[in-house]
Amino acid sequence: MSKLSIVVPCFNEEEALPFFYEESQKAIAGLIEKKLIDSAEYVFVDDGSKDKTVEILRQLAEKDKNVHFVSFSRNFGKEAAIYAGLNKTCGDYVATLDADLQDPPSLIGEMLEAIQNEDYDCAATRRVDRKGEPPIRSFFARMFYKIMRKLCNIEVVDGARDFRVMTRVYVNAVLSLSEKNRFSKGIFPWVGFKTKWFEYENRERVAGETKWSFHKLFLYSIDGITAFSVKPLMLSSILGIFSLIIAFLMIILIIVRKMIWGDPVAGWPSMVCIIVFIGGLQLFSVGILGQYLAKIYTETKDRPLYIVREEV
């Protein structure tokens, strides 16, 4: 008997949930008909929604005994919601996807077949285009993936989604990483195992609005880089050494110029520019160091990743 657990993080998804449930039910029926699984369960995680998301989840749980949900006491973020959902699953296979139907449930069948028949531990998805996304946001997203690949010793695939199907062994490996500063796009490839990638075109949300602003995505990218690479610390050291060498050469130049031509160095604007430049380098380096210290501070406090208000 094989069981599929479907983890769905939700934040203000009252409009999308009915559509998602209907579409995923069709996908589950097809999986059972093909004998890829024998049963399936839902694990919805309400991430402190302000709308009627919890009420809809209660109704679904009353109607369907395979629907379970966890509701947080406040918004703890999608990373905490994914971790909580994985923690509550009991299936042989676990799928993670969003409720807005940008991740098509109909693709789960192909992903399961890859795991069962081709000896993969995980089937993951990536978008092949960014249709409908603002050009500036797309540009910075591609730059982020390029920087991640250069700085981190893990394979971060451009356009990777949180939509995955995993074996129980893979899920247990992910759960063993209990760090507070979580970055799933880095954690998934870090644990290793064999992963098959499925590509699909970008889809519009079935309802509601995206919760990811450019500001939130920028902060999320910084968390990802600092969580899986110490090279930014090395960069600040290199900048410091480079500035020291430049300053030493300039001192020699000034001494030689004074001895040969007797031309005193004049001009406060150039001095101000140098001071501002060096001050900027120092603040930049201290900022990088501060990011790592902040993560250490968060980890040592050992606060829970999330707090449950209600669980069904």
# chains A, B, ... in the order shown; residues from 1 in each chain; ligands from 1

$ select_by_dssp --residues "range 12-49 of chain A" --states "strand (DSSP E)" --output "NGL selection string"
:A and (39-46)

$ select_by_dssp --residues "range 18-248 of chain A" --states "alpha helix (DSSP H)" --output "VMD selection string"
chain A and resid 18 to 33 53 to 63 78 to 88 108 to 117 135 to 151 168 to 175 184 to 190 214 to 228 231 to 248

$ closest_residue --among "A:Val67, A:Val94, A:Met250, A:Ile108" --to "Lys3 in chain A" --atoms "only C-alpha atoms"
A:Val94

$ closest_residue --among "A:Gly91, A:Gly85, A:Pro189, A:Gly279" --to "Ala173 in chain A" --atoms "only C-alpha atoms"
A:Pro189
